[in-house]
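K.L.:
So that you have it, the file is entry05.txt, and it contains compact mmCIF, C-alpha atoms (C1' of nucleotides) and all ligand atoms:
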```txt
# COMPACT_ATOMS: atom_id res chain seq x y z
CA MET L 114 89.35 65.99 136.07
CA LYS L 115 89.28 63.53 133.24
CA THR L 116 92.20 61.24 132.60
CA PRO L 117 94.93 62.42 130.24
CA GLU L 118 93.53 60.06 127.62
CA GLU L 119 90.05 61.51 127.95
CA LEU L 120 91.43 65.01 127.75
CA VAL L 121 93.28 64.11 124.57
CA ALA L 122 89.95 63.00 123.12
CA ARG L 123 88.19 66.15 124.30
CA PHE L 124 90.86 68.37 122.81
CA ARG L 125 90.60 66.58 119.49
CA GLU L 126 86.82 66.97 119.55
CA GLN L 127 87.25 70.68 120.09
CA GLY L 128 89.60 70.89 117.15
CA TYR L 129 92.58 71.56 119.37
CA LYS L 130 95.81 69.88 118.45
CA VAL L 131 97.24 67.37 120.85
CA THR L 132 100.76 68.59 121.42
CA PRO L 133 103.40 67.10 123.70
CA GLN L 134 103.20 70.22 125.83
CA ARG L 135 99.48 69.84 126.40
CA GLN L 136 99.80 66.15 127.10
CA LEU L 137 102.51 66.80 129.64
CA ILE L 138 100.28 69.27 131.44
CA PHE L 139 97.41 66.77 131.38
CA ARG L 140 99.66 64.22 133.05
CA LEU L 141 101.01 66.66 135.61
CA LEU L 142 97.50 67.65 136.62
CA ASN L 143 96.16 64.11 136.76
CA GLY L 144 95.50 63.27 140.39
CA ASN L 145 97.41 66.35 141.46
CA THR L 146 96.19 67.47 144.88
CA ALA L 147 98.79 70.22 145.35
CA HIS L 148 96.62 73.00 143.95
CA PRO L 149 99.57 74.33 141.98
CA THR L 150 100.00 77.75 140.49
CA ALA L 151 100.81 78.12 136.81
CA GLU L 152 104.34 78.94 137.83
CA THR L 153 104.90 75.86 139.99
CA LEU L 154 103.33 73.66 137.35
CA TYR L 155 105.66 75.23 134.82
CA GLU L 156 108.68 74.47 136.96
CA VAL L 157 107.81 70.79 137.14
CA ALA L 158 106.96 70.69 133.46
CA ALA L 159 110.23 72.34 132.51
CA GLN L 160 112.17 69.55 134.22
CA GLN L 161 110.56 66.97 132.01
CA MET L 162 110.45 69.18 128.93
CA PRO L 163 113.15 71.84 128.89
CA GLY L 164 112.08 74.64 126.61
CA ILE L 165 108.39 74.56 127.40
CA SER L 166 107.25 78.09 128.01
CA LEU L 167 105.34 79.52 130.93
CA ARG L 168 103.10 81.11 128.33
CA THR L 169 102.03 77.70 127.07
CA VAL L 170 101.31 76.48 130.57
CA TYR L 171 99.08 79.48 131.19
CA GLN L 172 97.35 78.95 127.88
CA THR L 173 96.65 75.27 128.38
CA LEU L 174 95.36 75.92 131.88
CA SER L 175 93.02 78.56 130.47
CA GLU L 176 91.75 76.10 127.90
CA LEU L 177 91.18 73.45 130.53
CA SER L 178 89.44 75.99 132.71
CA ALA L 179 87.18 77.11 129.86
CA MET L 180 86.32 73.46 129.25
CA GLY L 181 85.49 72.98 132.90
CA GLU L 182 88.22 70.43 133.43
CA VAL L 183 90.02 72.44 136.06
CA GLN L 184 88.87 75.16 138.36
CA HIS L 185 90.94 78.09 139.39
CA ILE L 186 91.06 79.09 143.00
CA ASP L 187 92.00 82.58 144.06
CA LEU L 188 92.85 82.59 147.72
CA GLY L 189 93.85 86.22 147.59
CA SER L 190 97.47 85.47 148.37
CA GLY L 191 99.48 85.77 145.22
CA ALA L 192 98.92 83.67 142.16
CA VAL L 193 95.79 81.79 141.22
CA ARG L 194 95.88 78.08 141.99
CA PHE L 195 94.57 75.46 139.62
CA ASP L 196 92.59 72.48 140.78
CA PRO L 197 91.94 69.39 138.68
CA ASN L 198 89.39 68.34 141.28
CA VAL L 199 86.15 69.79 139.97
CA ASP L 200 83.93 67.97 142.44
CA ASP L 201 81.85 70.07 144.80
CA HIS L 202 84.42 70.63 147.47
CA HIS L 203 86.09 73.27 149.58
CA HIS L 204 89.51 74.08 150.99
CA VAL L 205 91.56 74.46 154.10
CA VAL L 206 94.58 76.73 153.85
CA CYS L 207 97.46 76.87 156.27
CA SER L 208 98.26 80.51 156.97
CA THR L 209 101.83 79.58 157.83
CA CYS L 210 103.02 77.37 155.00
CA GLY L 211 100.29 78.02 152.47
CA VAL L 212 99.41 74.39 151.89
CA VAL L 213 95.93 73.80 150.50
CA HIS L 214 93.88 70.66 151.08
CA ASP L 215 90.51 69.54 149.83
CA VAL L 216 87.66 69.20 152.27
CA TYR L 217 84.08 68.17 151.87
CA VAL L 218 81.22 69.90 153.65
CA ASN L 219 77.94 68.07 153.74
CA GLN L 220 75.69 70.67 155.35
CA THR L 221 75.41 72.39 151.99
CA PRO L 222 73.34 74.10 150.80
CA LEU L 223 73.95 76.50 153.66
CA GLN L 224 71.26 78.75 155.00
CA PHE L 225 72.00 82.40 155.45
CA GLU L 226 70.29 85.57 156.58
CA GLY L 227 70.74 89.03 155.24
CA ASP L 228 69.43 91.76 153.03
CA VAL L 229 69.51 89.62 149.91
CA GLU L 230 65.96 89.13 148.77
CA GLY L 231 65.75 87.15 145.56
CA PHE L 232 69.40 86.34 145.29
CA ALA L 233 69.90 83.09 143.35
CA VAL L 234 72.94 81.22 144.62
CA HIS L 235 74.82 79.33 141.94
CA SER L 236 77.87 78.28 143.88
CA THR L 237 79.29 78.38 147.36
CA ARG L 238 82.97 78.59 148.16
CA ILE L 239 84.24 77.94 151.65
CA VAL L 240 87.81 78.51 152.75
CA PHE L 241 88.94 77.42 156.19
CA SER L 242 92.12 79.18 157.27
CA GLY L 243 94.31 78.14 160.14
CA GLU L 244 97.39 76.14 160.93
CA CYS L 245 98.21 72.71 159.60
CA ALA L 246 99.45 69.89 161.82
CA GLN L 247 103.01 70.12 160.55
CA CYS L 248 103.28 73.85 161.20
CA ALA L 249 101.72 73.44 164.65
CA HIS L 250 104.31 70.77 165.39
CA LEU L 251 107.21 72.91 164.26
CA SER L 252 106.14 75.94 166.24
CA ALA L 253 105.57 73.92 169.44
CA MET C 257 83.83 99.35 162.77
CA LYS C 258 84.05 101.97 165.41
CA THR C 259 82.50 105.37 164.91
CA PRO C 260 84.61 108.13 163.38
CA GLU C 261 84.96 109.67 166.84
CA GLU C 262 86.19 106.41 168.34
CA LEU C 263 88.64 105.98 165.48
CA VAL C 264 89.96 109.45 166.09
CA ALA C 265 90.62 108.45 169.69
CA ARG C 266 92.26 105.19 168.64
CA PHE C 267 94.51 106.95 166.18
CA ARG C 268 95.57 109.43 168.81
CA GLU C 269 96.32 106.60 171.23
CA GLN C 270 98.52 104.99 168.64
CA GLY C 271 100.38 108.23 168.13
CA TYR C 272 98.93 108.75 164.69
CA LYS C 273 97.96 112.24 163.76
CA VAL C 274 94.32 112.95 163.08
CA THR C 275 94.30 114.56 159.67
CA PRO C 276 91.30 115.76 157.68
CA GLN C 277 92.06 113.04 155.11
CA ARG C 278 91.92 110.30 157.70
CA GLN C 279 88.77 111.71 159.24
CA LEU C 280 87.12 111.85 155.86
CA ILE C 281 87.91 108.21 155.26
CA PHE C 282 86.57 107.32 158.69
CA ARG C 283 83.30 109.03 157.82
CA LEU C 284 83.08 107.46 154.38
CA LEU C 285 83.54 104.02 155.85
CA ASN C 286 81.12 104.51 158.72
CA GLY C 287 78.11 102.33 158.06
CA ASN C 288 79.30 101.73 154.52
CA THR C 289 77.90 98.44 153.26
CA ALA C 290 79.15 98.80 149.68
CA HIS C 291 82.38 96.87 150.27
CA PRO C 292 84.30 99.50 148.32
CA THR C 293 87.70 99.17 146.77
CA ALA C 294 90.39 101.68 147.59
CA GLU C 295 89.80 103.20 144.19
CA THR C 296 86.05 103.69 144.58
CA LEU C 297 86.52 105.06 148.07
CA TYR C 298 89.08 107.46 146.65
CA GLU C 299 86.65 108.68 144.02
CA VAL C 300 84.04 109.53 146.62
CA ALA C 301 86.63 111.09 148.87
CA ALA C 302 88.02 113.22 146.05
CA GLN C 303 84.60 114.78 145.53
CA GLN C 304 84.53 116.02 149.07
CA MET C 305 88.23 116.77 149.24
CA PRO C 306 89.76 117.54 145.87
CA GLY C 307 93.46 116.90 146.04
CA ILE C 308 93.35 113.90 148.34
CA SER C 309 95.59 111.23 146.91
CA LEU C 310 94.84 107.61 146.19
CA ARG C 311 98.08 106.87 148.01
CA THR C 312 96.66 108.30 151.22
CA VAL C 313 93.47 106.29 150.87
CA TYR C 314 95.48 103.10 150.49
CA GLN C 315 97.62 104.02 153.46
CA THR C 316 94.75 104.84 155.78
CA LEU C 317 92.97 101.64 154.81
CA SER C 318 96.11 99.70 155.60
CA GLU C 319 96.34 101.34 158.98
CA LEU C 320 92.71 100.59 159.73
CA SER C 321 93.23 97.02 158.59
CA ALA C 322 96.29 96.60 160.79
CA MET C 323 94.26 97.92 163.71
CA GLY C 324 91.49 95.46 162.97
CA GLU C 325 88.95 98.18 162.25
CA VAL C 326 88.31 97.05 158.70
CA GLN C 327 88.81 93.74 156.99
CA HIS C 328 89.89 93.33 153.43
CA ILE C 329 88.08 90.92 151.22
CA ASP C 330 89.71 89.43 148.16
CA LEU C 331 87.05 87.94 145.94
CA GLY C 332 89.60 87.10 143.29
CA SER C 333 88.05 89.47 140.80
CA GLY C 334 90.10 92.59 140.62
CA ALA C 335 90.87 94.85 143.51
CA VAL C 336 90.61 94.05 147.18
CA ARG C 337 87.46 95.29 148.82
CA PHE C 338 87.40 96.87 152.25
CA ASP C 339 84.74 96.11 154.81
CA PRO C 340 84.10 98.20 157.89
CA ASN C 341 81.89 95.38 159.15
CA VAL C 342 84.24 93.25 161.19
CA ASP C 343 81.54 91.05 162.68
CA ASP C 344 81.66 87.35 161.92
CA HIS C 345 79.85 87.38 158.62
CA HIS C 346 80.03 86.20 155.05
CA HIS C 347 79.20 87.45 151.57
CA VAL C 348 77.02 86.96 148.55
CA VAL C 349 78.41 88.24 145.27
CA CYS C 350 76.47 88.81 142.09
CA SER C 351 78.44 87.41 139.18
CA THR C 352 76.74 89.84 136.82
CA CYS C 353 77.01 93.25 138.46
CA GLY C 354 79.58 92.48 141.15
CA VAL C 355 77.52 93.76 144.03
CA VAL C 356 78.50 92.35 147.44
CA HIS C 357 76.16 91.94 150.38
CA ASP C 358 76.66 90.78 153.91
CA VAL C 359 75.08 87.54 155.03
CA TYR C 360 75.09 85.70 158.32
CA VAL C 361 75.44 81.95 158.56
CA ASN C 362 74.49 80.39 161.85
CA GLN C 363 75.45 76.78 161.23
CA THR C 364 79.05 77.69 161.98
CA PRO C 365 81.37 76.19 162.95
CA LEU C 366 81.01 73.97 159.92
CA GLN C 367 82.00 70.34 159.94
CA PHE C 368 84.17 69.02 157.15
CA GLU C 369 85.82 65.82 156.07
CA GLY C 370 89.13 65.40 154.37
CA ASP C 371 92.77 64.50 154.73
CA VAL C 372 93.44 67.25 157.24
CA GLU C 373 94.32 65.59 160.53
CA GLY C 374 95.21 68.09 163.19
CA PHE C 375 94.36 71.18 161.22
CA ALA C 376 93.39 74.04 163.54
CA VAL C 377 90.80 76.28 161.92
CA HIS C 378 91.11 79.94 162.86
CA SER C 379 88.64 81.44 160.45
CA THR C 380 86.07 80.45 157.88
CA ARG C 381 85.19 82.49 154.84
CA ILE C 382 82.11 81.69 152.81
CA VAL C 383 81.29 83.34 149.50
CA PHE C 384 77.99 82.65 147.80
CA SER C 385 78.06 83.49 144.11
CA GLY C 386 75.06 83.87 141.89
CA GLU C 387 72.71 86.46 140.52
CA CYS C 388 71.12 89.27 142.45
CA ALA C 389 67.42 90.13 142.17
CA GLN C 390 68.04 93.24 140.09
CA CYS C 391 70.16 91.41 137.53
CA ALA C 392 67.68 88.56 137.35
CA HIS C 393 64.97 91.15 136.70
CA LEU C 394 66.91 92.87 133.94
CA SER C 395 67.79 89.67 132.12
CA ALA C 396 64.22 88.38 132.27
C1' DT F 77 102.48 66.45 101.73
C1' DG F 78 100.52 70.81 103.05
C1' DC F 79 97.74 73.84 105.70
C1' DT F 80 97.47 75.84 109.85
C1' DA F 81 97.51 75.73 114.73
C1' DA F 82 100.76 75.76 118.27
C1' DT F 83 104.87 77.01 120.29
C1' DC F 84 108.65 79.92 121.36
C1' DA F 85 111.35 84.09 122.45
C1' DA F 86 111.14 88.58 123.31
C1' DC F 87 108.96 92.39 124.58
C1' DA F 88 105.12 95.16 126.07
C1' DA F 89 101.14 96.21 128.57
C1' DG F 90 97.57 96.09 132.06
C1' DT F 91 96.04 95.84 136.82
C1' DC F 92 96.75 96.32 141.58
C1' DG F 93 99.48 97.77 144.97
C1' DT F 94 103.77 99.43 147.12
C1' DG F 95 108.38 101.90 147.44
C1' DC F 96 110.91 106.00 147.08
C1' DT F 97 112.10 110.83 146.85
C1' DA F 98 111.64 115.59 147.55
C1' DA F 99 108.97 119.41 148.79
C1' DC F 100 105.35 121.25 151.25
C1' DT F 101 101.76 121.28 154.99
C1' DA F 102 99.91 120.87 159.21
C1' DA F 103 99.04 118.18 163.73
C1' DC F 104 100.28 118.21 168.18
C1' DA F 105 103.63 118.43 172.14
C1' DG F 106 106.00 121.49 174.88
C1' DC P 141 102.87 130.06 169.82
C1' DT P 142 106.43 127.67 168.05
C1' DG P 143 109.11 123.81 166.57
C1' DT P 144 109.41 119.17 165.49
C1' DT P 145 108.07 115.73 162.75
C1' DA P 146 104.47 112.96 160.81
C1' DG P 147 101.57 113.21 157.03
C1' DT P 148 100.45 114.39 152.36
C1' DT P 149 101.30 115.08 147.61
C1' DA P 150 103.19 114.49 142.86
C1' DG P 151 105.79 111.90 140.22
C1' DC P 152 108.11 108.11 138.93
C1' DA P 153 109.42 103.41 139.36
C1' DC P 154 108.95 98.72 140.46
C1' DG P 155 107.06 94.24 141.60
C1' DA P 156 103.87 90.32 141.04
C1' DC P 157 100.79 88.15 138.11
C1' DT P 158 98.76 87.59 133.78
C1' DT P 159 97.72 88.51 129.02
C1' DG P 160 98.68 90.56 124.34
C1' DT P 161 101.54 90.86 120.24
C1' DT P 162 104.72 89.84 116.74
C1' DG P 163 107.42 87.09 113.91
C1' DA P 164 109.82 82.99 113.13
C1' DT P 165 109.83 78.04 113.59
C1' DT P 166 107.77 73.57 114.49
C1' DA P 167 104.74 70.00 114.09
C1' DG P 168 99.82 67.98 114.34
C1' DC P 169 96.57 66.19 111.56
C1' DA P 170 93.47 65.99 107.36
MN MN B 1 90.66 71.38 145.65
MN MN B 2 80.84 92.44 154.62
ZN ZN B 3 101.33 74.70 157.42
ZN ZN B 4 73.64 91.81 140.08
```
Step by step, read the file and then write its structure as structure tokens.
Ligand SMILES: [Mn+2]
Ligand SMILES: [Mn+2]
Ligand SMILES: [Zn+2]
Ligand SMILES: [Zn+2]

P.N.:
Amino acid sequence: MKTPEELVARFREQGYKVTPQRQLIFRLLNGNTAHPTAETLYEVAAQQMPGISLRTVYQTLSELSAMGEVQHIDLGSGAVRFDPNVDDHHHVVCSTCGVVHDVYVNQTPLQFEGDVEGFAVHSTRIVFSGECAQCAHLSA
Amino acid sequence: MKTPEELVARFREQGYKVTPQRQLIFRLLNGNTAHPTAETLYEVAAQQMPGISLRTVYQTLSELSAMGEVQHIDLGSGAVRFDPNVDDHHHVVCSTCGVVHDVYVNQTPLQFEGDVEGFAVHSTRIVFSGECAQCAHLSA
DNA sequence: TGCTAATCAACAAGTCGTGCTAACTAACAG
DNA sequence: CTGTTAGTTAGCACGACTTGTTGATTAGCA
């Protein structure tokens, strides 16, 4: 993701107003590796800006997503997660605690076999599920 | 997935009754490569058995899932899809028409890098997104 | 300064899936 | 064959997540 300052510039280019709410969300996303949901991002935002609405958080995330500055990741377990890391990367997910971490796979593009003549692959998403070190430690 | 006859036996073993509804769903899933949702499976079922309820379709799919006879696939776009193919395989999804096909990747297990010391991978899910041959043909 | 987008609260709606109840049906054990 | 009880159904509600709407207020920016 771009820096908060760059995002401010991009929003102005697009004719979007640069509000304190949007700037706060830019800052909260900057370097954020937690893969937060809109809800969890809202909770943090509300501490620094009481009165900000969940609606606004959703809206700003949608705008950022439409601009390609964040990606949204649906792991099929509850709410969509937002990711300011838009590099070509993948994820490991702990089935126990739900933590999500970035991983990089360098064998891509992957080869596959199947009844898919002429299919043009645009993107590949890989999710590794398992148990993180902390959860393994606790359950031992 | 097991054959309808084998599923009948498994259900009896588990103490589940073998109803016409369940048997119909077994048959509809047998060899089904469409990755249907509960809803689409219900629509087909209702043609052969008017009066069957969506509730029953959901319930039977849950039972089959709990027994490991089907897997459910959440592609993050609408309803969960059910897959009677429980082999180790992956999926290509057409972004245009939504069709899902099975693919097999033989480079697994995949190597990855990241800040994930001690993470124990239990499963890997790969989704290739793009455009199928039919959609490419139509848009050309 | 003024236009207008943005925000907010409040409420509704949509989708997907499950929970619950009450009545009826039918599978299967004895 | 019969009785028990699981299964099914309709109907309604609810829950999670997300978006739509409306109307009033605020504030960004030209
Ligand atoms: Mn990520
Ligand atoms: Mn499949
Ligand atoms: Zn964990
Ligand atoms: Zn297609």

K.L.:
Residues of chain F that have any atom at most 12 Å from an atom of chain C: could you tabulate them with the shortest-distance atom pair and the distance in Å to one decimal, using only C-alpha atoms (C1' of nucleotides), ordered by chain and increasing number, as JSON lines?

P.N.:
```
{"residue": "F:DG90", "atom": "C1'", "partner": "C:Gly334", "partner_atom": "CA", "distance": 11.9}
{"residue": "F:DT91", "atom": "C1'", "partner": "C:Gly334", "partner_atom": "CA", "distance": 7.8}
{"residue": "F:DC92", "atom": "C1'", "partner": "C:Ala335", "partner_atom": "CA", "distance": 6.4}
{"residue": "F:DG93", "atom": "C1'", "partner": "C:Tyr314", "partner_atom": "CA", "distance": 8.7}
{"residue": "F:DT94", "atom": "C1'", "partner": "C:Arg311", "partner_atom": "CA", "distance": 9.4}
{"residue": "F:DG95", "atom": "C1'", "partner": "C:Arg311", "partner_atom": "CA", "distance": 11.5}
{"residue": "F:DT101", "atom": "C1'", "partner": "C:Thr275", "partner_atom": "CA", "distance": 11.1}
{"residue": "F:DA102", "atom": "C1'", "partner": "C:Thr275", "partner_atom": "CA", "distance": 8.5}
{"residue": "F:DA103", "atom": "C1'", "partner": "C:Lys273", "partner_atom": "CA", "distance": 6.0}
{"residue": "F:DC104", "atom": "C1'", "partner": "C:Lys273", "partner_atom": "CA", "distance": 7.8}
{"residue": "F:DA105", "atom": "C1'", "partner": "C:Gly271", "partner_atom": "CA", "distance": 11.4}
```

K.L.:
Ligand MN 2 (chain B): which residues are within 7 Å, counting all atoms listed in the file? Reply as a PDB file with C-alpha atoms, in the coordinates of the input.

P.N.:
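Just written: selection31.pdb:
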```pdb
ATOM      1  CA  THR C 289      77.900  98.440 153.260  1.00  0.00           C
ATOM      2  CA  HIS C 291      82.380  96.870 150.270  1.00  0.00           C
ATOM      3  CA  ASP C 339      84.740  96.110 154.810  1.00  0.00           C
ATOM      4  CA  ASN C 341      81.890  95.380 159.150  1.00  0.00           C
ATOM      5  CA  HIS C 345      79.850  87.380 158.620  1.00  0.00           C
ATOM      6  CA  HIS C 346      80.030  86.200 155.050  1.00  0.00           C
ATOM      7  CA  HIS C 347      79.200  87.450 151.570  1.00  0.00           C
ATOM      8  CA  HIS C 357      76.160  91.940 150.380  1.00  0.00           C
ATOM      9  CA  ASP C 358      76.660  90.780 153.910  1.00  0.00           C
TER      10      ASP C 358
END
```

K.L.:
At a cut-off of 6 Å, list the chain C residues touching chain L, using only C-alpha atoms, as a list of chain:residue names.

P.N.:
C:Asp330, C:Gly332, C:Val359, C:Tyr360, C:Val361, C:Phe368, C:Glu369, C:Gly370, C:Gly374, C:Phe375, C:Ala376, C:Val377, C:His378, C:Ser379, C:Thr380, C:Arg381, C:Ile382, C:Val383, C:Phe384, C:Ser385, C:Gly386, C:Glu387, C:Cys388, C:Ala389

K.L.:
May I have the protein, DNA and RNA residues with an atom at most 10 Å from (112.4, 117.1, 145.4), counting all atoms listed in the file in the file's coordinates, returned as a list in words?

P.N.:
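Those within range, by chain then number, are DT97, DA98 and DA99 of chain F; DA150 and DG151 of chain P.
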
K.L.:
Of the candidates L:Met114, L:Leu141, L:Ala151, L:Cys210, which shows the shortest atom-to-atom distance to chain P, using all atoms listed in the file?

P.N.:
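Distance minimum relative to chain P lands on L:Ala151.
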
K.L.:
Kindly provide, as JSON, numbers by chain, the residues of chain P having any atom no farther than 12 Å from an atom of chain L, counting all atoms listed in the file.

P.N.:
{"P": [155, 156, 157, 158, 159, 160, 166, 167, 168, 169, 170]}

K.L.:
Between atom CA of L:Leu137 and atom CA of L:Leu177, measure the distance and give it in Å to one decimal.

P.N.:
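Atom CA of L:Leu177 lies at a distance of 13.2 Å from atom CA of L:Leu137.
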
K.L.:
Quote the spacing between atom C1' of P:DC154 and atom C1' of F:DC87 in Å to one decimal place.

P.N.:
17.1 Å

K.L.:
Distance atom CA of C:Gln327-atom CA of C:Gly287, one decimal place?

P.N.:
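It comes out at 13.8 Å.
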
K.L.:
Using only C-alpha atoms and all ligand atoms, pick whichever of C:Pro292, C:Gly324, C:Pro306, C:Gly354 has the shortest atom-to-atom distance to ligand ZN 4 (chain B).

P.N.:
C:Gly354

K.L.:
How big is the axis-aligned box around all listed atoms of stretch 88-105 of chain F once 4 Å goes on each side, and where's its centre, in Å to one decimal, as AutoDock Vina command-line options?

P.N.:
```
--center_x 104.1 --center_y 108.2 --center_z 149.1 --size_x 24.1 --size_y 34.1 --size_z 54.1
```

K.L.:
Could you name the residues that touch L:Val121 at 9 Å or less, counting all atoms listed in the file, but leaving out those on the same chain fewer than 5 positions away, as a ChimeraX atom specification?

P.N.:
/L:116,126,130-131,135-136,139

K.L.:
Mind filling out stretch 190-208 of chain L with N, CA, C and O atoms and sending it as an mmCIF file, in the coordinates of the input?

P.N.:
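Once everything was written out, this is rebuild-v3.cif:
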```
data_model
loop_
_atom_site.group_PDB
_atom_site.id
_atom_site.type_symbol
_atom_site.label_atom_id
_atom_site.label_comp_id
_atom_site.auth_asym_id
_atom_site.auth_seq_id
_atom_site.Cartn_x
_atom_site.Cartn_y
_atom_site.Cartn_z
ATOM 1 N N SER L 190 96.071 85.365 147.940
ATOM 2 C CA SER L 190 97.470 85.470 148.370
ATOM 3 C C SER L 190 98.350 85.082 147.193
ATOM 4 O O SER L 190 98.754 83.936 147.067
ATOM 5 N N GLY L 191 98.608 86.037 146.346
ATOM 6 C CA GLY L 191 99.480 85.770 145.220
ATOM 7 C C GLY L 191 98.744 85.147 144.059
ATOM 8 O O GLY L 191 97.604 85.497 143.762
ATOM 9 N N ALA L 192 99.404 84.202 143.420
ATOM 10 C CA ALA L 192 98.920 83.670 142.160
ATOM 11 C C ALA L 192 97.700 82.774 142.329
ATOM 12 O O ALA L 192 97.483 82.191 143.393
ATOM 13 N N VAL L 193 96.935 82.685 141.268
ATOM 14 C CA VAL L 193 95.790 81.790 141.220
ATOM 15 C C VAL L 193 96.284 80.347 141.254
ATOM 16 O O VAL L 193 97.303 80.004 140.650
ATOM 17 N N ARG L 194 95.555 79.501 141.954
ATOM 18 C CA ARG L 194 95.880 78.080 141.990
ATOM 19 C C ARG L 194 94.907 77.321 141.108
ATOM 20 O O ARG L 194 93.748 77.692 141.001
ATOM 21 N N PHE L 195 95.404 76.263 140.516
ATOM 22 C CA PHE L 195 94.570 75.460 139.620
ATOM 23 C C PHE L 195 94.279 74.120 140.270
ATOM 24 O O PHE L 195 95.137 73.524 140.932
ATOM 25 N N ASP L 196 93.057 73.668 140.072
ATOM 26 C CA ASP L 196 92.590 72.480 140.780
ATOM 27 C C ASP L 196 91.918 71.523 139.794
ATOM 28 O O ASP L 196 90.854 71.823 139.260
ATOM 29 N N PRO L 197 92.559 70.373 139.570
ATOM 30 C CA PRO L 197 91.940 69.390 138.680
ATOM 31 C C PRO L 197 90.750 68.686 139.317
ATOM 32 O O PRO L 197 90.020 67.975 138.625
ATOM 33 N N ASN L 198 90.553 68.899 140.603
ATOM 34 C CA ASN L 198 89.390 68.340 141.280
ATOM 35 C C ASN L 198 88.221 69.306 141.091
ATOM 36 O O ASN L 198 88.192 70.382 141.686
ATOM 37 N N VAL L 199 87.282 68.909 140.230
ATOM 38 C CA VAL L 199 86.150 69.790 139.970
ATOM 39 C C VAL L 199 84.879 69.299 140.657
ATOM 40 O O VAL L 199 83.786 69.741 140.350
ATOM 41 N N ASP L 200 85.057 68.371 141.612
ATOM 42 C CA ASP L 200 83.930 67.970 142.440
ATOM 43 C C ASP L 200 83.512 69.160 143.305
ATOM 44 O O ASP L 200 84.230 70.131 143.439
ATOM 45 N N ASP L 201 82.340 69.035 143.893
ATOM 46 C CA ASP L 201 81.850 70.070 144.800
ATOM 47 C C ASP L 201 82.602 69.929 146.123
ATOM 48 O O ASP L 201 82.248 69.100 146.950
ATOM 49 N N HIS L 202 83.636 70.732 146.246
ATOM 50 C CA HIS L 202 84.420 70.630 147.470
ATOM 51 C C HIS L 202 84.964 71.994 147.873
ATOM 52 O O HIS L 202 84.802 72.977 147.163
ATOM 53 N N HIS L 203 85.599 72.014 149.016
ATOM 54 C CA HIS L 203 86.090 73.270 149.580
ATOM 55 C C HIS L 203 87.532 73.096 150.043
ATOM 56 O O HIS L 203 88.130 72.049 149.784
ATOM 57 N N HIS L 204 88.071 74.115 150.705
ATOM 58 C CA HIS L 204 89.510 74.080 150.990
ATOM 59 C C HIS L 204 89.865 74.563 152.386
ATOM 60 O O HIS L 204 89.227 75.468 152.914
ATOM 61 N N VAL L 205 90.899 73.930 152.915
ATOM 62 C CA VAL L 205 91.560 74.460 154.100
ATOM 63 C C VAL L 205 92.925 74.965 153.666
ATOM 64 O O VAL L 205 93.582 74.357 152.827
ATOM 65 N N VAL L 206 93.309 76.078 154.226
ATOM 66 C CA VAL L 206 94.580 76.730 153.850
ATOM 67 C C VAL L 206 95.359 77.008 155.114
ATOM 68 O O VAL L 206 94.832 77.608 156.058
ATOM 69 N N CYS L 207 96.597 76.570 155.130
ATOM 70 C CA CYS L 207 97.460 76.870 156.270
ATOM 71 C C CYS L 207 98.038 78.270 156.095
ATOM 72 O O CYS L 207 98.701 78.550 155.095
ATOM 73 N N SER L 208 97.785 79.126 157.063
ATOM 74 C CA SER L 208 98.260 80.510 156.970
ATOM 75 C C SER L 208 99.777 80.583 157.059
ATOM 76 O O SER L 208 100.383 81.560 156.626
#
```
